[in-house]
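Below is protein-v1.cif, which holds mmCIF, C-alpha atoms.
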data_model
#
loop_
_atom_site.label_atom_id
_atom_site.label_comp_id
_atom_site.auth_asym_id
_atom_site.auth_seq_id
_atom_site.Cartn_x
_atom_site.Cartn_y
_atom_site.Cartn_z
CA MET A 1 -172.11 28.13 -166.94
CA ARG A 2 -175.15 28.56 -169.14
CA LEU A 3 -175.93 28.32 -172.85
CA ILE A 4 -178.58 30.95 -173.60
CA PRO A 5 -180.48 31.39 -176.90
CA ILE A 6 -180.23 35.06 -177.95
CA HIS A 7 -181.68 37.30 -180.63
CA ASN A 8 -181.65 40.92 -181.77
CA ASP A 9 -183.43 43.31 -184.11
CA ILE A 10 -182.08 43.56 -187.64
CA VAL A 11 -180.40 46.86 -188.49
CA SER A 12 -181.81 48.39 -191.69
CA SER A 13 -179.80 50.66 -193.97
CA SER A 14 -179.94 52.09 -197.47
CA TRP A 15 -177.09 49.76 -198.44
CA GLY A 16 -178.73 46.66 -196.97
CA MET A 17 -179.67 43.67 -199.10
CA PRO A 18 -183.40 42.97 -199.50
CA GLY A 19 -184.03 39.92 -197.35
CA GLY A 20 -180.29 39.36 -197.02
CA ILE A 21 -180.03 38.48 -193.33
CA SER A 22 -183.09 36.26 -193.59
CA ARG A 23 -181.60 34.32 -196.50
CA ALA A 24 -178.23 33.99 -194.78
CA LEU A 25 -179.87 32.48 -191.70
CA GLY A 26 -182.74 30.56 -193.29
CA TRP A 27 -185.47 32.75 -191.80
CA PRO A 28 -188.79 33.50 -193.54
CA GLU A 29 -188.39 35.47 -196.74
CA THR A 30 -188.82 39.24 -196.75
CA THR A 31 -188.12 42.15 -199.08
CA ASP A 32 -186.95 44.45 -196.27
CA ALA A 33 -183.49 45.99 -196.77
CA GLN A 34 -181.49 44.10 -194.14
CA ALA A 35 -177.99 45.31 -193.36
CA GLU A 36 -176.70 43.89 -190.07
CA LEU A 37 -177.55 41.60 -187.18
CA TRP A 38 -175.54 42.50 -184.06
CA LEU A 39 -174.69 39.67 -181.66
CA GLY A 40 -172.79 41.14 -178.75
CA ALA A 41 -172.98 43.52 -175.81
CA HIS A 42 -172.43 46.90 -177.49
CA PRO A 43 -174.90 49.27 -175.79
CA SER A 44 -176.12 50.62 -179.13
CA ALA A 45 -177.76 47.26 -179.91
CA PRO A 46 -177.05 44.55 -177.32
CA ALA A 47 -178.33 41.06 -178.03
CA ARG A 48 -181.10 39.79 -175.74
CA PRO A 49 -182.09 36.39 -174.30
CA ILE A 50 -185.05 34.89 -176.14
CA GLU A 51 -186.57 33.65 -172.90
CA ALA A 52 -186.84 35.37 -169.51
CA ASN A 53 -183.51 35.53 -167.74
CA ASP A 54 -181.81 37.35 -164.90
CA PHE A 55 -180.52 39.95 -167.38
CA GLU A 56 -182.38 41.70 -170.20
CA ALA A 57 -179.45 42.12 -172.59
CA LEU A 58 -175.78 41.22 -172.86
CA ASP A 59 -174.59 44.66 -171.77
CA GLU A 60 -176.43 44.07 -168.50
CA TRP A 61 -174.81 40.62 -168.23
CA GLU A 62 -171.41 42.33 -168.55
CA LYS A 63 -172.22 44.58 -165.58
CA GLN A 64 -173.56 41.71 -163.47
CA SER A 65 -170.68 39.36 -164.22
CA GLY A 66 -167.85 41.89 -164.26
CA THR A 67 -166.79 40.41 -167.62
CA THR A 68 -166.37 42.42 -170.81
CA LEU A 69 -166.81 40.69 -174.16
CA PRO A 70 -163.81 41.85 -176.24
CA TYR A 71 -165.69 41.34 -179.50
CA LEU A 72 -168.87 42.08 -181.41
CA LEU A 73 -170.17 39.47 -183.88
CA LYS A 74 -172.27 40.58 -186.85
CA VAL A 75 -174.01 39.07 -189.84
CA LEU A 76 -173.78 41.61 -192.69
CA THR A 77 -175.50 41.70 -196.09
CA ALA A 78 -174.86 44.55 -198.53
CA ALA A 79 -176.55 45.25 -201.85
CA HIS A 80 -174.76 48.57 -202.35
CA PRO A 81 -171.38 50.03 -201.31
CA LEU A 82 -170.82 51.14 -197.75
CA SER A 83 -168.86 54.29 -196.98
CA LEU A 84 -165.10 54.46 -197.35
CA GLN A 85 -163.94 54.28 -193.76
CA ALA A 86 -161.24 53.50 -191.23
CA HIS A 87 -161.21 52.78 -187.51
CA PRO A 88 -158.92 54.19 -184.80
CA ASN A 89 -156.37 52.36 -182.70
CA PRO A 90 -156.95 52.13 -178.92
CA ALA A 91 -155.07 55.32 -178.05
CA GLN A 92 -156.79 57.33 -180.79
CA ALA A 93 -160.22 56.04 -179.77
CA ALA A 94 -159.71 56.89 -176.10
CA ALA A 95 -158.35 60.36 -176.87
CA GLY A 96 -161.00 61.14 -179.48
CA PHE A 97 -163.86 60.05 -177.25
CA ALA A 98 -162.56 62.09 -174.32
CA ARG A 99 -162.08 65.13 -176.54
CA GLU A 100 -165.63 65.02 -177.93
CA GLU A 101 -167.09 64.34 -174.50
CA ALA A 102 -165.26 67.38 -173.10
CA ALA A 103 -166.50 69.48 -176.01
CA GLY A 104 -170.08 68.54 -175.15
CA ILE A 105 -170.84 66.99 -178.54
CA ALA A 106 -173.90 64.78 -178.20
CA ARG A 107 -173.16 61.14 -178.95
CA THR A 108 -175.98 61.16 -181.50
CA ALA A 109 -174.79 64.39 -183.16
CA PHE A 110 -174.20 64.39 -186.93
CA ASP A 111 -170.60 65.55 -186.50
CA ARG A 112 -169.70 63.09 -183.73
CA SER A 113 -166.80 60.80 -184.78
CA TYR A 114 -166.17 58.83 -181.58
CA LYS A 115 -169.19 57.03 -180.13
CA ASP A 116 -167.14 55.13 -177.52
CA PRO A 117 -163.53 54.95 -176.27
CA TYR A 118 -162.66 51.66 -177.98
CA ALA A 119 -160.79 50.46 -181.04
CA LYS A 120 -162.58 48.57 -183.79
CA PRO A 121 -160.22 46.15 -185.56
CA GLU A 122 -162.31 43.78 -187.63
CA LEU A 123 -162.35 40.80 -189.93
CA ILE A 124 -164.98 39.57 -192.32
CA VAL A 125 -165.50 36.12 -193.86
CA ALA A 126 -167.50 35.75 -197.08
CA LEU A 127 -170.58 33.56 -196.71
CA ASN A 128 -170.86 33.10 -200.49
CA ASP A 129 -168.71 33.50 -203.57
CA GLY A 130 -168.59 37.00 -204.95
CA PHE A 131 -168.26 39.16 -201.84
CA GLN A 132 -166.68 42.40 -203.07
CA ALA A 133 -164.72 44.90 -201.02
CA LEU A 134 -162.12 47.62 -201.12
CA CYS A 135 -159.41 47.02 -198.55
CA GLY A 136 -156.08 48.75 -197.97
CA PHE A 137 -153.90 50.77 -200.31
CA ARG A 138 -152.75 48.62 -203.20
CA PRO A 139 -149.12 48.94 -204.32
CA ILE A 140 -148.52 52.32 -205.93
CA ALA A 141 -147.04 50.71 -209.05
CA GLN A 142 -150.28 48.82 -209.66
CA THR A 143 -152.43 51.92 -209.32
CA ALA A 144 -150.07 53.89 -211.53
CA ALA A 145 -150.43 51.26 -214.25
CA VAL A 146 -154.22 51.48 -214.04
CA LEU A 147 -154.11 55.29 -214.23
CA THR A 148 -151.89 55.09 -217.30
CA GLN A 149 -154.47 52.92 -219.05
CA LEU A 150 -157.32 55.20 -218.02
CA ALA A 151 -155.47 58.28 -219.28
CA GLU A 152 -154.99 56.63 -222.65
CA ILE A 153 -158.75 56.31 -223.18
CA ALA A 154 -160.04 59.31 -221.21
CA PRO A 155 -161.66 62.07 -223.29
CA GLU A 156 -159.91 64.48 -220.88
CA PRO A 157 -156.67 62.72 -219.94
CA GLU A 158 -154.78 65.52 -218.17
CA PRO A 159 -156.48 65.24 -214.74
CA VAL A 160 -155.78 61.50 -214.73
CA ARG A 161 -152.13 62.03 -215.70
CA ALA A 162 -151.75 64.68 -212.99
CA PHE A 163 -153.23 62.30 -210.42
CA ARG A 164 -150.78 59.62 -211.46
CA GLU A 165 -147.90 62.08 -211.21
CA LEU A 166 -148.99 63.13 -207.71
CA LEU A 167 -149.18 59.51 -206.59
CA THR A 168 -145.81 58.43 -208.00
CA THR A 169 -143.86 61.51 -206.90
CA GLU A 170 -145.44 62.46 -203.56
CA GLY A 171 -146.80 59.15 -202.32
CA LEU A 172 -150.00 58.00 -200.69
CA ARG A 173 -150.35 60.53 -197.88
CA ASN A 174 -150.37 63.58 -200.12
CA THR A 175 -152.47 61.84 -202.74
CA VAL A 176 -155.12 60.84 -200.21
CA ALA A 177 -155.10 64.38 -198.76
CA PHE A 178 -155.86 65.65 -202.27
CA THR A 179 -158.82 63.29 -202.69
CA LEU A 180 -160.24 64.58 -199.38
CA SER A 181 -159.68 68.27 -200.16
CA ARG A 182 -163.17 68.88 -201.59
CA THR A 183 -161.72 71.13 -204.28
CA ALA A 184 -162.85 71.70 -207.86
CA ASP A 185 -159.74 69.80 -209.01
CA VAL A 186 -161.02 66.64 -207.33
CA GLN A 187 -164.35 66.95 -209.11
CA THR A 188 -162.53 67.47 -212.40
CA LEU A 189 -160.54 64.30 -211.78
CA VAL A 190 -163.66 62.32 -210.86
CA ALA A 191 -165.41 63.48 -214.04
CA ALA A 192 -162.40 62.36 -216.09
CA LEU A 193 -162.31 58.96 -214.37
CA VAL A 194 -166.03 58.40 -214.91
CA ALA A 195 -165.74 59.39 -218.58
CA ALA A 196 -162.83 56.97 -219.06
CA ASP A 197 -164.82 54.19 -217.39
CA GLN A 198 -167.68 54.79 -219.81
CA VAL A 199 -165.23 54.15 -222.67
CA ASP A 200 -163.91 50.92 -221.10
CA GLY A 201 -165.35 49.67 -217.84
CA THR A 202 -162.97 46.72 -217.55
CA ILE A 203 -159.84 48.66 -216.60
CA ALA A 204 -161.06 49.73 -213.15
CA PRO A 205 -164.52 48.23 -212.55
CA VAL A 206 -164.76 49.90 -209.14
CA ILE A 207 -165.34 53.25 -210.85
CA GLY A 208 -168.62 52.05 -212.34
CA ILE A 209 -169.68 50.26 -209.14
CA VAL A 210 -169.20 53.37 -207.03
CA GLN A 211 -170.51 55.78 -209.67
CA ARG A 212 -173.83 53.95 -209.84
CA ALA A 213 -174.28 54.20 -206.07
CA PHE A 214 -172.72 57.64 -205.47
CA PRO A 215 -172.64 59.61 -208.75
CA HIS A 216 -169.57 61.84 -209.07
CA ASP A 217 -168.63 61.41 -205.41
CA ASP A 218 -165.10 62.54 -204.50
CA GLY A 219 -164.64 59.10 -202.95
CA ILE A 220 -164.28 57.61 -206.45
CA ALA A 221 -160.74 59.01 -206.57
CA LEU A 222 -159.87 57.53 -203.17
CA ALA A 223 -161.47 54.19 -204.08
CA LEU A 224 -159.14 53.90 -207.06
CA LEU A 225 -156.14 53.78 -204.70
CA LEU A 226 -157.40 50.66 -202.91
CA ASN A 227 -157.29 46.92 -203.47
CA HIS A 228 -160.53 45.81 -205.11
CA LEU A 229 -161.11 42.19 -204.12
CA THR A 230 -163.73 39.57 -204.86
CA LEU A 231 -163.76 36.87 -202.19
CA ARG A 232 -164.80 33.28 -202.54
CA GLU A 233 -166.86 31.59 -199.85
CA GLY A 234 -164.75 31.21 -196.72
CA GLU A 235 -162.14 33.79 -197.71
CA SER A 236 -161.51 36.53 -195.19
CA LEU A 237 -160.25 40.11 -195.00
CA TRP A 238 -158.39 41.55 -192.03
CA LEU A 239 -158.95 45.26 -191.38
CA PRO A 240 -156.68 46.53 -188.60
CA ALA A 241 -156.75 50.04 -187.17
CA GLY A 242 -155.95 52.64 -189.81
CA ASN A 243 -156.95 50.41 -192.73
CA VAL A 244 -159.21 52.19 -195.24
CA HIS A 245 -161.93 49.98 -196.66
CA ALA A 246 -165.47 49.71 -197.99
CA TYR A 247 -167.66 46.67 -198.50
CA LEU A 248 -169.28 46.81 -201.94
CA HIS A 249 -171.62 43.82 -202.19
CA GLY A 250 -172.28 40.45 -200.60
CA SER A 251 -172.92 38.56 -197.38
CA GLY A 252 -170.43 37.95 -194.61
CA ILE A 253 -169.75 37.19 -190.98
CA GLU A 254 -167.93 40.03 -189.20
CA LEU A 255 -166.02 39.93 -185.96
CA MET A 256 -164.64 43.14 -184.51
CA GLY A 257 -163.77 45.07 -181.41
CA PRO A 258 -166.90 46.11 -179.47
CA SER A 259 -167.01 49.61 -180.91
CA ASP A 260 -169.00 51.80 -183.26
CA ASN A 261 -166.22 54.27 -184.09
CA VAL A 262 -166.15 55.01 -187.83
CA LEU A 263 -164.12 57.71 -189.59
CA ARG A 264 -165.49 58.14 -193.10
CA GLY A 265 -163.71 59.25 -196.24
CA GLY A 266 -166.42 59.33 -198.90
CA LEU A 267 -169.34 57.43 -200.47
CA THR A 268 -171.67 58.64 -197.75
CA PRO A 269 -174.08 61.43 -196.80
CA LYS A 270 -172.76 61.13 -193.24
CA HIS A 271 -170.14 63.27 -191.53
CA ILE A 272 -166.60 63.22 -192.96
CA ASP A 273 -163.84 64.47 -190.66
CA GLU A 274 -160.97 64.74 -193.13
CA ALA A 275 -158.35 65.81 -190.58
CA GLU A 276 -159.15 63.04 -188.11
CA LEU A 277 -159.25 60.45 -190.88
CA MET A 278 -155.81 61.56 -192.09
CA ASN A 279 -154.49 61.20 -188.53
CA THR A 280 -155.93 57.68 -188.33
CA LEU A 281 -154.95 56.17 -191.69
CA VAL A 282 -151.92 53.92 -192.04
CA PHE A 283 -150.37 54.69 -195.43
CA ASP A 284 -148.76 51.32 -196.07
CA GLU A 285 -149.05 49.54 -199.38
CA VAL A 286 -150.88 46.22 -198.95
CA ALA A 287 -150.42 43.59 -201.64
CA ASP A 288 -152.98 41.13 -200.23
CA PRO A 289 -155.16 41.91 -197.19
CA ARG A 290 -156.66 38.42 -196.94
CA LEU A 291 -156.44 36.67 -193.56
CA GLN A 292 -155.60 33.01 -193.98
CA PRO A 293 -157.51 30.64 -191.65
CA ILE A 294 -155.68 28.21 -189.38
CA GLU A 295 -156.81 24.58 -189.23
CA LEU A 296 -157.38 23.60 -185.60
CA ALA A 297 -158.81 20.13 -186.23
CA ASP A 298 -160.88 18.26 -188.79
CA GLY A 299 -163.94 20.41 -189.38
CA VAL A 300 -162.65 23.36 -187.32
CA ARG A 301 -160.60 26.34 -188.41
CA THR A 302 -160.01 29.77 -186.95
CA TYR A 303 -159.64 33.25 -188.38
CA ARG A 304 -157.10 34.70 -185.95
CA PRO A 305 -155.92 38.30 -186.32
CA ALA A 306 -153.08 37.67 -183.88
CA SER A 307 -151.55 35.32 -186.47
CA VAL A 308 -150.32 38.35 -188.47
CA PRO A 309 -148.10 41.23 -187.27
CA SER A 310 -150.80 43.90 -187.67
CA GLY A 311 -153.10 41.84 -185.43
CA GLU A 312 -150.68 41.43 -182.54
CA GLY A 313 -152.57 41.64 -179.28
CA VAL A 314 -156.05 41.48 -180.84
CA PRO A 315 -158.03 39.59 -178.17
CA PHE A 316 -160.59 37.74 -180.29
CA GLU A 317 -160.91 35.18 -183.06
CA LEU A 318 -163.64 33.56 -185.15
CA TRP A 319 -164.00 29.79 -185.41
CA GLU A 320 -165.76 28.04 -188.27
CA VAL A 321 -167.14 24.60 -187.36
CA THR A 322 -168.43 22.33 -190.11
CA ALA A 323 -168.40 18.85 -188.59
CA GLN A 324 -168.14 16.83 -185.38
CA ALA A 325 -165.50 18.27 -183.06
CA THR A 326 -164.46 18.99 -179.51
CA LEU A 327 -163.98 22.70 -178.82
CA THR A 328 -161.95 24.06 -175.92
CA LEU A 329 -163.48 27.51 -175.58
CA PRO A 330 -161.30 29.88 -173.56
CA SER A 331 -163.99 32.42 -172.69
CA ALA A 332 -167.62 33.42 -172.96
CA SER A 333 -168.57 32.79 -176.58
CA ILE A 334 -171.30 33.49 -179.10
CA PHE A 335 -172.51 30.88 -181.62
CA VAL A 336 -174.49 31.47 -184.81
CA VAL A 337 -175.45 28.74 -187.30
CA THR A 338 -175.71 29.68 -190.99
CA ASP A 339 -176.11 26.16 -192.41
CA GLY A 340 -177.16 22.76 -191.10
CA ASP A 341 -177.86 21.68 -187.53
CA PHE A 342 -175.58 20.97 -184.59
CA THR A 343 -175.83 19.44 -181.17
CA LEU A 344 -173.64 20.88 -178.42
CA THR A 345 -172.88 18.99 -175.21
CA LEU A 346 -171.40 20.78 -172.20
CA PRO A 347 -169.77 19.15 -169.16
CA GLY A 348 -172.10 20.99 -166.81
CA SER A 349 -174.69 23.75 -166.76
CA GLU A 350 -176.79 25.62 -164.27
CA PRO A 351 -180.47 24.67 -164.02
CA PRO A 352 -182.59 24.24 -166.01
CA LEU A 353 -179.84 22.86 -168.26
CA ALA A 354 -178.63 19.68 -166.65
CA ALA A 355 -174.96 18.72 -166.61
CA GLY A 356 -174.00 16.87 -169.76
CA SER A 357 -177.26 17.78 -171.45
CA GLU A 358 -177.48 18.21 -175.20
CA HIS A 359 -178.45 21.53 -176.77
CA HIS A 360 -179.81 21.83 -180.29
CA LEU A 361 -178.33 24.65 -182.39
CA ALA A 362 -180.45 24.89 -185.54
CA ARG A 363 -179.81 26.96 -188.62
CA GLY A 364 -180.57 30.61 -187.96
CA SER A 365 -180.14 30.35 -184.20
CA ALA A 366 -177.70 32.23 -182.01
CA HIS A 367 -176.54 31.26 -178.52
CA PHE A 368 -174.44 32.83 -175.78
CA LEU A 369 -172.17 30.67 -173.62
CA THR A 370 -171.50 32.50 -170.37
CA ASP A 371 -168.06 31.02 -169.63
CA GLY A 372 -165.23 29.03 -171.13
CA ALA A 373 -165.83 25.30 -171.51
CA VAL A 374 -164.94 22.13 -173.35
CA ALA A 375 -167.87 21.59 -175.71
CA THR A 376 -168.55 18.48 -177.77
CA ILE A 377 -170.11 19.21 -181.16
CA SER A 378 -171.97 16.79 -183.40
CA GLY A 379 -173.91 17.37 -186.58
CA GLY A 380 -172.81 19.30 -189.63
CA GLY A 381 -173.19 22.41 -191.68
CA ARG A 382 -171.62 25.74 -190.81
CA MET A 383 -171.44 27.26 -187.37
CA TRP A 384 -169.50 30.36 -186.35
CA VAL A 385 -168.09 30.84 -182.87
CA ALA A 386 -166.80 34.18 -181.60
CA THR A 387 -164.45 33.82 -178.66
CA ALA A 388 -161.67 35.65 -176.85
CA ARG A 389 -158.03 34.59 -176.99
#

Output the file's structure in the form of C-alpha cells.
Amino acid sequence: MRLIPIHNDIVSSSWGMPGGISRALGWPETTDAQAELWLGAHPSAPARPIEANDFEALDEWEKQSGTTLPYLLKVLTAAHPLSLQAHPNPAQAAAGFAREEAAGIARTAFDRSYKDPYAKPELIVALNDGFQALCGFRPIAQTAAVLTQLAEIAPEPEPVRAFRELLTTEGLRNTVAFTLSRTADVQTLVAALVAADQVDGTIAPVIGIVQRAFPHDDGIALALLLNHLTLREGESLWLPAGNVHAYLHGSGIELMGPSDNVLRGGLTPKHIDEAELMNTLVFDEVADPRLQPIELADGVRTYRPASVPSGEGVPFELWEVTAQATLTLPSASIFVVTDGDFTLTLPGSEPPLAAGSEHHLARGSAHFLTDGAVATISGGGRMWVATAR
C-alpha cells in the first residue's frame, strides 16, 4: 500500500474560468482559461506521479495492478455555459463504441460520439455559493406556466404559445425532438423567446444567460425545458445516464464514471447526433435533482449515488472531510485538498513510507492511495476523497 502524490495538466476550454482551477486549489494566480483538472486513470488524460515511480501514469498502474478505478475525479471551473449534453448507460455505451469502431470512425473524428465503451454517470458538488446548472426536465406544469408568462410579453407570442401547446399535449419526447429538428420553426421560436426575455429577463433568466454565450442557438428552446438551479456551497447534483444537463457557471468537484462519452444537444460548435441523443435521454420529469449528502461521522459526509433509485449499482462515491476523523477506505482512492491542511496516517506502507508514518496533505495537493485502508486524519479544512463502493 502506497500513498503517492499525483498531478496532471489543466484542461483549457473556451468555457473555462480565468485562473479558476488555480484559485480553487490555492495555486499561483493566472489569467489562463482553466476548465478541468482530471485526477484518474482515463487514458485521455491520466494523472501522473509527481516523483519517479514504477509507473508513469495511473492508466499504467491499472494495467500493472489488474485493478480498474471505477471513477474519474475532476475539479471544474466554468465562466460560460457548457454544452447541453447527456451520457449513455452501460449497454448504450458498449453498443455505441462497438458500432463506431466497426464503422472505422477515428476516435478523434469530429462526428465520433463514443470515445470508450463505458457509462458516465456523474455528480458535482459546488465549491462556492452560486454554482449554476441546468439539470433534468422540470415538471411540465412549471415550464408551461413560464411559457404562458413569456407569451404574454413576447412581441411575437404565437411561436411561444405553440411551443407550450406542443409540450402540454404531446409531452417531453416530442417537444425535445422538435427543439433538435434544426428547422426554421425552431429558429422562429428562439427569436420569440429572446425578444420576450429582452422585455423581462426575470421570468426565465436562463434565456439571457444562454443567449449571451450562444446567440440564437436552437439549444435555448431545449434549455427552457430544464431545471435551472443555483447551488450553495456543498450542494450537489446527481446526473444519471440519460439526464440532460449543462453547467452554466461556477466551481465544483465532479466524480463520474471513467468515461468521456458525451452526446450533445446544443450550445456547442461540436458534433450533435440528434438521433443518438434521443435514444439516450430519459424523459422523466425531475422536481429536484439535488443529491443529499449522508453524514458518516463528525466532519465526514458522503455524496453517494447509490442512495437514490437512479443511482442503484453506481460503484463510486465522494467523501468530504472537514475535520479529524478515521476513514475506512474500501478501495484505491484519490484525495484532493481544496482548503486547509491535513495529516494522514496509514497503518502500513511500502518503502520509503514507513508503517504508521504521517503524510502531509496540503491545500492544492492530490494523492493516490493504491489500496483500501483505515486512515487516520487530523487537521482541518476541506478534503475530497473519491473511492469505490

| request: For Ala306 of chain A, work out the shell of residues within 12 Å, counting all atoms listed in the file and skipping chain neighbours fewer than 2 positions away, then give it as number ranges by chain. | output: A: 121-123, 238, 240, 291-294, 302-304, 308-318, 388-389

| request: Return as a ChimeraX atom specification the set of residues that the PyMOL selection byres ((chain A and resi 134-148) around 10) yields on the displayed structure. | output: /A:81-82,84-86,132-133,149-154,157,160-165,167-168,171-172,193,203-204,206,222-230,237-240,242-248,281-290

What's the 12 Å shell around Val262 of chain A, counting all atoms listed in the file, without same-chain residues fewer than 4 positions away, as a CSV table (one decimal) with C-alpha atoms, keeping the file's coordinate frame?
chain,number,residue,atom,x,y,z
A,82,LEU,CA,-170.8,51.1,-197.8
A,83,SER,CA,-168.9,54.3,-197.0
A,84,LEU,CA,-165.1,54.5,-197.4
A,85,GLN,CA,-163.9,54.3,-193.8
A,86,ALA,CA,-161.2,53.5,-191.2
A,87,HIS,CA,-161.2,52.8,-187.5
A,88,PRO,CA,-158.9,54.2,-184.8
A,89,ASN,CA,-156.4,52.4,-182.7
A,92,GLN,CA,-156.8,57.3,-180.8
A,93,ALA,CA,-160.2,56.0,-179.8
A,96,GLY,CA,-161.0,61.1,-179.5
A,97,PHE,CA,-163.9,60.0,-177.2
A,111,ASP,CA,-170.6,65.6,-186.5
A,112,ARG,CA,-169.7,63.1,-183.7
A,113,SER,CA,-166.8,60.8,-184.8
A,114,TYR,CA,-166.2,58.8,-181.6
A,115,LYS,CA,-169.2,57.0,-180.1
A,116,ASP,CA,-167.1,55.1,-177.5
A,117,PRO,CA,-163.5,55.0,-176.3
A,118,TYR,CA,-162.7,51.7,-178.0
A,119,ALA,CA,-160.8,50.5,-181.0
A,120,LYS,CA,-162.6,48.6,-183.8
A,121,PRO,CA,-160.2,46.2,-185.6
A,122,GLU,CA,-162.3,43.8,-187.6
A,241,ALA,CA,-156.8,50.0,-187.2
A,242,GLY,CA,-156.0,52.6,-189.8
A,243,ASN,CA,-157.0,50.4,-192.7
A,244,VAL,CA,-159.2,52.2,-195.2
A,245,HIS,CA,-161.9,50.0,-196.7
A,246,ALA,CA,-165.5,49.7,-198.0
A,266,GLY,CA,-166.4,59.3,-198.9
A,268,THR,CA,-171.7,58.6,-197.8
A,270,LYS,CA,-172.8,61.1,-193.2
A,271,HIS,CA,-170.1,63.3,-191.5
A,272,ILE,CA,-166.6,63.2,-193.0
A,273,ASP,CA,-163.8,64.5,-190.7
A,276,GLU,CA,-159.2,63.0,-188.1
A,277,LEU,CA,-159.2,60.4,-190.9
A,280,THR,CA,-155.9,57.7,-188.3
A,281,LEU,CA,-155.0,56.2,-191.7

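The space between atom CA of Ala221 of chain A and atom CA of Ala35 of chain A spans 25.7 Å.
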
| said: Counting all atoms listed in the file, which residue out of A:Thr376, A:Ser333, A:Ser22, A:Thr343 sits closest to His360 of chain A? | reply: A:Thr343

Residue neighbourhood segment 75-77 of chain A, 7 Å, only C-alpha atoms, exclusion window fewer than 3 positions, as a JSON list (two decimals) with C-alpha atoms, in the coordinates of the input:
[["chain", "number", "residue", "atom", "x", "y", "z"],
["A", 16, "GLY", "CA", -178.73, 46.66, -196.97],
["A", 17, "MET", "CA", -179.67, 43.67, -199.10],
["A", 20, "GLY", "CA", -180.29, 39.36, -197.02],
["A", 21, "ILE", "CA", -180.03, 38.48, -193.33],
["A", 34, "GLN", "CA", -181.49, 44.10, -194.14],
["A", 35, "ALA", "CA", -177.99, 45.31, -193.36],
["A", 36, "GLU", "CA", -176.70, 43.89, -190.07],
["A", 37, "LEU", "CA", -177.55, 41.60, -187.18],
["A", 38, "TRP", "CA", -175.54, 42.50, -184.06],
["A", 250, "GLY", "CA", -172.28, 40.45, -200.60],
["A", 251, "SER", "CA", -172.92, 38.56, -197.38],
["A", 252, "GLY", "CA", -170.43, 37.95, -194.61],
["A", 253, "ILE", "CA", -169.75, 37.19, -190.98],
["A", 254, "GLU", "CA", -167.93, 40.03, -189.20]]

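Taking atom CA of Pro205 of chain A as the reference point, atom CA of Gly265 of chain A is found at 19.7 Å.
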
| Distance atom CA of Leu73 of chain A-atom CA of Phe368 of chain A, one decimal place? | 11.3 Å

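Counting all atoms listed in the file, the residue from A:Ser14, A:Ser181, A:Thr188, A:Thr68 that sits nearest to Glu158 of chain A is A:Thr188.
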
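Closest to Pro269 of chain A among A:Gly340, A:Pro159, A:Gly219, A:Pro347 is A:Gly219, based on all atoms listed in the file.
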
| request: Counting all atoms listed in the file, figure out which residue out of A:Val385, A:Leu189, A:Ala78, A:Ala366 gets nearest to Pro49 of chain A. | output: A:Ala366

Your completed segment 262-272 of chain A with N, CA, C and O atoms, as a tab-separated table (two decimals), keeping the file's coordinate frame:
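Full text of rebuild-v5.tsv as output:
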chain	number	residue	atom	x	y	z
A	262	VAL	N	-166.36	55.04	-186.38
A	262	VAL	CA	-166.15	55.01	-187.83
A	262	VAL	C	-165.72	56.40	-188.28
A	262	VAL	O	-166.40	57.39	-188.02
A	263	LEU	N	-164.58	56.47	-188.97
A	263	LEU	CA	-164.12	57.71	-189.59
A	263	LEU	C	-164.25	57.54	-191.09
A	263	LEU	O	-163.60	56.70	-191.69
A	264	ARG	N	-165.13	58.33	-191.70
A	264	ARG	CA	-165.49	58.14	-193.10
A	264	ARG	C	-164.66	59.02	-194.03
A	264	ARG	O	-164.22	60.10	-193.65
A	265	GLY	N	-164.51	58.52	-195.26
A	265	GLY	CA	-163.71	59.25	-196.24
A	265	GLY	C	-164.40	59.44	-197.58
A	265	GLY	O	-163.76	59.84	-198.55
A	266	GLY	N	-165.70	59.16	-197.64
A	266	GLY	CA	-166.42	59.33	-198.90
A	266	GLY	C	-167.48	58.26	-199.07
A	266	GLY	O	-167.63	57.36	-198.23
A	267	LEU	N	-168.25	58.36	-200.15
A	267	LEU	CA	-169.34	57.43	-200.47
A	267	LEU	C	-170.37	57.41	-199.36
A	267	LEU	O	-170.84	56.33	-198.94
A	268	THR	N	-170.75	58.57	-198.87
A	268	THR	CA	-171.67	58.64	-197.75
A	268	THR	C	-172.28	60.04	-197.63
A	268	THR	O	-171.61	61.03	-197.94
A	269	PRO	N	-173.53	60.13	-197.17
A	269	PRO	CA	-174.08	61.43	-196.80
A	269	PRO	C	-173.76	61.80	-195.36
A	269	PRO	O	-174.12	62.89	-194.92
A	270	LYS	N	-173.07	60.90	-194.65
A	270	LYS	CA	-172.76	61.13	-193.24
A	270	LYS	C	-171.53	62.02	-193.08
A	270	LYS	O	-170.85	62.36	-194.06
A	271	HIS	N	-171.23	62.35	-191.85
A	271	HIS	CA	-170.14	63.27	-191.53
A	271	HIS	C	-168.79	62.71	-191.97
A	271	HIS	O	-168.47	61.54	-191.74
A	272	ILE	N	-167.97	63.56	-192.59
A	272	ILE	CA	-166.60	63.22	-192.96
A	272	ILE	C	-165.67	64.20	-192.25
A	272	ILE	O	-165.74	65.41	-192.47
